[in-house]
Every structure is written in structure tokens, then in C-alpha cells.
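Asker: Below is a structure I'd like to ask you about.
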Amino acid sequence: MGAASGGGDTTEERAATPAAAAPPPAGDRPPVVQFTNVSKTYANGLTAIRDITFTVDDRSDHGEFVSILGPSGCGKSTILRLIAGLRPQHPATTGTVLVGGKPVDGPGSDRGMVFQDYTAFDHLTVLDNIAFGLECRGVGLKERRDQAREWIGRVGLNVDKDAEKYPHELSGGMRQRVAIARSLILHPRIILMDEPFGALDPGTRYNMQDLLVSLWRHLQATVFFITHSIEEAVYLGDRVFVMSPSPGTILKQVPVPPPDRPAKDMQREPEFLDIVFGLRTALDQLEVAAVAQRAGGKS
Ligand SMILES: Nc1ncnc2c1ncn2[C@@H]1O[C@H](COP(=O)(O)OP(=O)(O)OP(=O)(O)O)[C@@H](O)[C@H]1O
Ligand SMILES: [Mg+2]
């Protein structure tokens, strides 16, 4: 999703921001996320990622959408966990991970996560699941429920029919909509998504991709999106990271065009399929090299 797609101004937010608190110009702001020579070796001695370096700039008017592709076990989730600060007692082994110019020392509400497994509390209704983060922030009952109702609509659920349902009464696609609303209601500046649509059927997946594009445009957040689908990575991303097999490094950073048409249309177009084909060839070659390496051959 490039500049063209994210060109809308954050007028509402600017109107609400006093002039004195206006953010400094983009060039003066630290990158949203910056990895410098980051490696991570777990306690069992396994090196999951090696020498990862990348920068995602703070572009204020629109966040960048970064898709991450790579073979299973190459360290994609490890990268997301380091950004999220989920295990602050186990930071990067070497190198630096900066978020907003500061080392990550734990989770924060500036970063929201959405996983494949539809994270939600089973004992809470859709409405209360979505309002949960606001409750933790101390937002009053009426205000948080009003906002949650708004988000129910925004993620394509029905306020009248779905608000009082429990997660077990929902389809996978609906539960993932709840998980997205739960996270985005807090307006994170960075959205970390780990194979969020991996368990959905193709039709639902297209719908969720379109939904994500429209929410991303609304929030202007930076997104890191892990997927095993090359089509999904190319459709959603501004930039696609292609990772090597374990221990993962970033082999390529491929800029791709923004999703300015519905997912199911754009993903059939020849130009789109050419990019996908190029990436698929590169990934297939990586797999072959990885197999040869494991077998003791030269890669
Ligand atoms: N807490 C941990 N302790 C030890 N090893 C770990 C830990 N977490 C992950 N690993 C290992 O690190 C490597 C990278 O794991 P990671 O989950 O980041 O990969 P991934 O690219 O997300 O894989 P997948 O596509 O299967 O989700 C794997 O070999 C995994 O077994
Ligand atoms: Mg993973």
C-alpha cells in the first residue's frame, strides 16, 4: 500500500491535535521500526534469525505495509515478537531493535497484535471482547461500549445480531474480525499480524484482505504482516521481505504496487501474477538450496 493509496490526510486527528503538540516533520522523526544487525539465539542454542537489518520510516501521512514471506521456521514470528516486546527478558541476542527510536523493553499499546488463532476471551461477548482493551485503559463503560459498537460495524459484523454472541457462536472469519477489532480499537501505530488469515477459506480471505486494506487506510498505521501466501503478501504489501531458511536473514526487499482494486480482481491481473511468479521462483530456489544444505550438499 503505497503513498498513492494512503494519501488521505488524518484530518480528524489533526483537528484534535493542539498546534503545540503537532509532530515534527517526517525527516526529524526516528524510524517507526529499525533493526540493526539483529540475531536471536534461543536458550536451546538454536539461532532463529541472523544479522537482520531493515528500516521502516515514519511517514506520518501513511504507515508502510510490510509483508514477510519465508519458509517455515525461518524466524518470521521471532521478528514480530522482538518488535512486540512480548518477552522483554529475552531480547535480541545481538544487534539493536528500536521502535520509535527507543529500544523495546516490553509490550506497549502503540503495538497491536493479531494472530492466526483468533485471540479472544471465550467468556466475553463480542462487544465486551472488543471493548476489553479500552477497559484496561480505564475508559468508562458507556464510552467503551459505544466505541466497540462502532468497531463491530467497521469490521463488517452486525451490531444487532452479533454484539451479544460469544466467540464459540462465530465462524472463523467472524472471530478473526473480532480479533482485528479488539486490537485496532486501541489505534496502535504498529500492527503486527502473524498469519492472521491462514485458517480462512479463499473467499473469506479475499474479503478479509479488502477489509484490512480499508482499515489500514483509516488508521494510517505501520503494518508487519506474516503470510505463507505469496499472492496475499504482494496484494497487501508496500514492500515484501523475502527471508532465507533458518537461521533467517532478509534476502530481498521487494517493493510492490498498492492494492488499489478489490483483492479478487487485482490478484487475477497479469502484472500481479508476474510479480507473484518471480517471488515464487525465488522461494522455490531457496527451498531447494535449504534441502541440499540439510542433506550436506553445497547450496
Ligand atoms: N522460545 C523458543 N525456544 C526455542 N526455539 C524457538 C523458540 N521460539 C521459536 N523457536 C525456534 O526458532 C525458529 C524460528 O521460529 P519462528 O517461530 O520465528 O519461525 P517462523 O518463521 O514463524 O515459522 P512458521 O512459518 O512455521 O510459523 C524455529 O526453529 C523454532 O523452532
Ligand atoms: Mg510463525
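We name chains A, B, ... following the order of the C-alpha cells; residues begin at 1 in each chain, and ligands are numbered from 1 as shown.
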Please tabulate, as CSV, the residues of chain A that come within 10 Å of ligand 2, each with its closest pair of atoms and the distance in Å to one decimal, counting only C-alpha atoms and all ligand atoms and ordering rows by chain, then residue number upward.
Answerer:
```
residue,atom,partner,partner_atom_place_in_ligand_line,distance
A:Gly70,CA,ligand 2,1 (Mg),9.7
A:Pro71,CA,ligand 2,1 (Mg),9.6
A:Ser72,CA,ligand 2,1 (Mg),7.1
A:Gly73,CA,ligand 2,1 (Mg),6.8
A:Cys74,CA,ligand 2,1 (Mg),8.3
A:Gly75,CA,ligand 2,1 (Mg),6.9
A:Lys76,CA,ligand 2,1 (Mg),5.5
A:Ser77,CA,ligand 2,1 (Mg),4.1
A:Thr78,CA,ligand 2,1 (Mg),7.3
A:Ile79,CA,ligand 2,1 (Mg),9.3
A:Leu80,CA,ligand 2,1 (Mg),8.9
A:Arg81,CA,ligand 2,1 (Mg),9.8
A:Phe115,CA,ligand 2,1 (Mg),9.5
A:Gln116,CA,ligand 2,1 (Mg),9.5
A:Asp194,CA,ligand 2,1 (Mg),6.6
A:Glu195,CA,ligand 2,1 (Mg),7.5
A:Ile226,CA,ligand 2,1 (Mg),7.7
A:Thr227,CA,ligand 2,1 (Mg),8.7
A:His228,CA,ligand 2,1 (Mg),9.6
```
Asker: Sorted by chain and rising residue number, which residues of region 163-240 of chain A lie within 12 Å of region 47-56 of chain A, and what are their closest atom pairs and distances in Å to one decimal, counting only C-alpha atoms, as JSON lines?
Answerer:
```
{"residue": "A:Ile190", "atom": "CA", "partner": "A:Val56", "partner_atom": "CA", "distance": 10.7}
{"residue": "A:Ala221", "atom": "CA", "partner": "A:Val56", "partner_atom": "CA", "distance": 11.6}
{"residue": "A:Thr222", "atom": "CA", "partner": "A:Val56", "partner_atom": "CA", "distance": 8.3}
{"residue": "A:Val223", "atom": "CA", "partner": "A:Val56", "partner_atom": "CA", "distance": 10.0}
{"residue": "A:Phe224", "atom": "CA", "partner": "A:Val56", "partner_atom": "CA", "distance": 10.1}
{"residue": "A:Asp238", "atom": "CA", "partner": "A:Val56", "partner_atom": "CA", "distance": 11.0}
{"residue": "A:Arg239", "atom": "CA", "partner": "A:Val56", "partner_atom": "CA", "distance": 10.1}
{"residue": "A:Val240", "atom": "CA", "partner": "A:Phe54", "partner_atom": "CA", "distance": 11.9}
```
Asker: Print the selection's residues with C-alpha atoms to a file, as a PDB file, in the first residue's frame.
Answerer:
```pdb
ATOM      1  CA  ILE A 190       2.206  -0.553  14.608  1.00  0.00           C
ATOM      2  CA  ALA A 221      -0.593   2.573  10.914  1.00  0.00           C
ATOM      3  CA  THR A 222       2.563   0.687  10.013  1.00  0.00           C
ATOM      4  CA  VAL A 223       1.771  -3.000   9.432  1.00  0.00           C
ATOM      5  CA  PHE A 224       4.011  -6.068   9.593  1.00  0.00           C
ATOM      6  CA  ASP A 238       4.169  -1.888   0.011  1.00  0.00           C
ATOM      7  CA  ARG A 239       7.286  -3.949   0.433  1.00  0.00           C
ATOM      8  CA  VAL A 240       7.810  -7.707   0.680  1.00  0.00           C
TER       9      VAL A 240
END
```
Asker: Identify, on the basis of only C-alpha atoms, every residue whose closest approach to Lys264 (chain A) does not exceed 12 Å; exclude the query and any residue fewer than 6 positions from it along the same chain; express the result as a PyMOL selection string.
Answerer: chain A and resi 202-210+231-232+235+272
Asker: Please measure the separation of atom 22 (O, counted along the ligand's line) of ligand 1 and CA of Ser67 (chain A), giving the value in Å to one decimal.
Answerer: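 The value is 12.9 Å.
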Asker: Please identify the strand (DSSP E) residues within region 41-82 of chain A (assignment by DSSP from backbone atoms) and present them as a list in words.
Answerer: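 So the strand (DSSP E) residues in region 41-82 of chain A would be Thr41, Thr47, Ala48, Ile49, Arg50, Asp51, Ile52, Thr53, Phe54, Thr55, Val56, Phe65, Val66, Ser67, Ile68 and Leu69 of chain A.
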Asker: May I ask which of the residues A:Arg189, A:His168, A:Arg280, A:Arg29 is the closest one to Ala120 (chain A), counting only C-alpha atoms?
Answerer: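 Smallest separation from Ala120 (chain A) among the options: A:His168.
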Asker: If you run DSSP on the backbone, which residues of region 98-159 of chain A are alpha helix (DSSP H), as a list in words?
Answerer: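 Put together, the selection reads Val126, Leu127, Asp128, Asn129, Ile130, Ala131, Phe132, Gly133, Leu134, Glu135, Cys136, Leu141, Lys142, Glu143, Arg144, Arg145, Asp146, Gln147, Ala148, Arg149, Glu150, Trp151, Ile152, Gly153, Arg154 and Val159 of chain A.
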Asker: Would you output that residue set with C-alpha atoms, as a compact mmCIF listing (two decimals), in the first residue's frame?
Answerer:
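Written output follows (out-v2.txt):
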```txt
# COMPACT_ATOMS: atom_id res chain seq x y z
CA VAL A 126 -18.21 -9.91 21.01
CA LEU A 127 -18.95 -6.44 22.37
CA ASP A 128 -17.00 -6.95 25.60
CA ASN A 129 -14.13 -8.67 23.80
CA ILE A 130 -13.74 -5.67 21.53
CA ALA A 131 -14.11 -3.22 24.43
CA PHE A 132 -11.62 -5.13 26.61
CA GLY A 133 -8.53 -3.08 25.78
CA LEU A 134 -10.36 0.17 26.48
CA GLU A 135 -11.50 -1.23 29.83
CA CYS A 136 -7.86 -1.93 30.68
CA LEU A 141 -18.49 1.58 30.37
CA LYS A 142 -20.66 3.69 28.07
CA GLU A 143 -17.78 5.17 26.12
CA ARG A 144 -16.03 1.86 25.59
CA ARG A 145 -19.23 0.09 24.54
CA ASP A 146 -20.07 2.90 22.12
CA GLN A 147 -16.65 2.63 20.56
CA ALA A 148 -16.88 -1.17 20.48
CA ARG A 149 -20.23 -0.96 18.64
CA GLU A 150 -18.62 1.32 16.09
CA TRP A 151 -15.82 -1.18 15.57
CA ILE A 152 -18.28 -4.08 15.22
CA GLY A 153 -19.66 -2.27 12.17
CA ARG A 154 -16.26 -1.23 10.94
CA VAL A 159 -24.24 -4.74 15.81
```
Asker: Which region 15-119 of chain A residues have any atom within 10 Å of an atom of region 175-187 of chain A, and for each, what is the nearest pair of atoms with distance in Å to one decimal, counting only C-alpha atoms, rows sorted by chain and number, as a Markdown table?
Answerer:
```
| residue | atom | partner | partner_atom | distance |
| --- | --- | --- | --- | --- |
| A:Ser109 | CA | A:Leu186 | CA | 7.1 |
| A:Asp110 | CA | A:His187 | CA | 7.5 |
| A:Arg111 | CA | A:His187 | CA | 8.7 |
| A:Gly112 | CA | A:Ser183 | CA | 5.4 |
| A:Met113 | CA | A:Ser183 | CA | 6.4 |
| A:Val114 | CA | A:Ile180 | CA | 6.3 |
| A:Phe115 | CA | A:Ala179 | CA | 8.2 |
| A:Gln116 | CA | A:Gln176 | CA | 8.0 |
| A:Asp117 | CA | A:Gln176 | CA | 8.0 |
| A:Tyr118 | CA | A:Gln176 | CA | 5.1 |
| A:Thr119 | CA | A:Ala179 | CA | 5.7 |
```
Asker: Let me see the file: selected residues, N, CA and C atoms, as a PDB file, in the first residue's frame.
Answerer:
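Resulting contents of out-v7.pdb:
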```pdb
ATOM      1  N   SER A 109       0.927  -0.263  24.161  1.00  0.00           N
ATOM      2  CA  SER A 109      -0.311  -0.100  23.401  1.00  0.00           C
ATOM      3  C   SER A 109      -0.078   0.576  22.060  1.00  0.00           C
ATOM      4  N   ASP A 110       1.179   0.997  21.801  1.00  0.00           N
ATOM      5  CA  ASP A 110       1.493   1.504  20.466  1.00  0.00           C
ATOM      6  C   ASP A 110       1.620   0.368  19.465  1.00  0.00           C
ATOM      7  N   ARG A 111       1.676  -0.888  19.971  1.00  0.00           N
ATOM      8  CA  ARG A 111       1.801  -2.053  19.093  1.00  0.00           C
ATOM      9  C   ARG A 111       0.659  -3.036  19.362  1.00  0.00           C
ATOM     10  N   GLY A 112      -0.094  -3.379  18.308  1.00  0.00           N
ATOM     11  CA  GLY A 112      -1.197  -4.316  18.462  1.00  0.00           C
ATOM     12  C   GLY A 112      -0.906  -5.581  17.678  1.00  0.00           C
ATOM     13  N   MET A 113      -1.355  -6.727  18.211  1.00  0.00           N
ATOM     14  CA  MET A 113      -1.070  -7.998  17.528  1.00  0.00           C
ATOM     15  C   MET A 113      -2.349  -8.712  17.121  1.00  0.00           C
ATOM     16  N   VAL A 114      -2.296  -9.366  15.970  1.00  0.00           N
ATOM     17  CA  VAL A 114      -3.392 -10.240  15.539  1.00  0.00           C
ATOM     18  C   VAL A 114      -2.747 -11.547  15.065  1.00  0.00           C
ATOM     19  N   PHE A 115      -3.204 -12.663  15.650  1.00  0.00           N
ATOM     20  CA  PHE A 115      -2.618 -13.968  15.335  1.00  0.00           C
ATOM     21  C   PHE A 115      -3.581 -14.793  14.486  1.00  0.00           C
ATOM     22  N   GLN A 116      -3.082 -15.959  14.065  1.00  0.00           N
ATOM     23  CA  GLN A 116      -3.909 -16.866  13.265  1.00  0.00           C
ATOM     24  C   GLN A 116      -5.066 -17.449  14.081  1.00  0.00           C
ATOM     25  N   ASP A 117      -4.849 -17.597  15.383  1.00  0.00           N
ATOM     26  CA  ASP A 117      -5.806 -18.397  16.157  1.00  0.00           C
ATOM     27  C   ASP A 117      -6.911 -17.570  16.830  1.00  0.00           C
ATOM     28  N   TYR A 118      -7.302 -16.484  16.190  1.00  0.00           N
ATOM     29  CA  TYR A 118      -8.487 -15.717  16.605  1.00  0.00           C
ATOM     30  C   TYR A 118      -8.513 -15.395  18.099  1.00  0.00           C
ATOM     31  N   THR A 119      -7.501 -14.725  18.590  1.00  0.00           N
ATOM     32  CA  THR A 119      -7.406 -14.458  20.024  1.00  0.00           C
ATOM     33  C   THR A 119      -8.631 -13.694  20.544  1.00  0.00           C
TER      34      THR A 119
END
```
Asker: Pick from A:Gln220, A:Gln285, A:Ser246, A:Thr36: nearest to Phe65 (chain A), with only C-alpha atoms counted?
Answerer: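 Looking at the shortest contact to Phe65 (chain A), the residue is A:Gln220.
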Asker: Of the candidates A:Val234, A:Leu215, A:Leu98, A:Ile83, which shows the shortest atom-to-atom distance to Ile68 (chain A), using only C-alpha atoms?
Answerer: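 Using only C-alpha atoms, the shortest distance to Ile68 (chain A) belongs to A:Val234.
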Asker: Leu82 (chain A): which residues within 8 Å, counting only C-alpha atoms, same-chain residues fewer than 2 positions away excluded, as a list in words?
Answerer: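 That gives Thr78, Ile79, Leu80, Ala84, Gly85, Leu86, Arg87, Pro91, Ala92, Val97 and Val104 of chain A.
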Asker: Take the residues just selected and output them with C-alpha atoms as a PDB file, in the first residue's frame.
Answerer:
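And here's part34.pdb as it stands now:
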```pdb
ATOM      1  CA  THR A  78      10.642 -14.235  16.063  1.00  0.00           C
ATOM      2  CA  ILE A  79      10.947 -10.870  14.296  1.00  0.00           C
ATOM      3  CA  LEU A  80       7.389  -9.931  15.258  1.00  0.00           C
ATOM      4  CA  ALA A  84       6.175  -6.580  20.159  1.00  0.00           C
ATOM      5  CA  GLY A  85       8.491  -6.954  23.155  1.00  0.00           C
ATOM      6  CA  LEU A  86       6.498  -9.985  24.254  1.00  0.00           C
ATOM      7  CA  ARG A  87       9.456 -11.496  26.089  1.00  0.00           C
ATOM      8  CA  PRO A  91      15.685  -9.625  23.876  1.00  0.00           C
ATOM      9  CA  ALA A  92      17.727  -9.904  20.704  1.00  0.00           C
ATOM     10  CA  VAL A  97      15.721  -3.325  17.849  1.00  0.00           C
ATOM     11  CA  VAL A 104      12.000  -2.238  23.051  1.00  0.00           C
TER      12      VAL A 104
END
```
Asker: Between A:Val276, A:Val256, A:Val38, A:Ala43, which is the closest to ligand 1 once you count only C-alpha atoms and all ligand atoms?
Answerer: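 Answer, going by the shortest atom-to-atom distance: A:Ala43.
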Asker: Kindly indicate which residue among A:Val66, A:Ala163, A:Ala289, A:Met193 lies nearest to ligand 1, using only C-alpha atoms and all ligand atoms for the distances.
Answerer: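 Ranking A:Val66, A:Ala163, A:Ala289, A:Met193 by distance to ligand 1, first place goes to A:Met193.
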Asker: Nearest residue to ligand 1 out of A:Met243, A:Leu251, A:Met174, A:Ile191, using only C-alpha atoms and all ligand atoms?
Answerer: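 The closest residue to ligand 1 is A:Met243.
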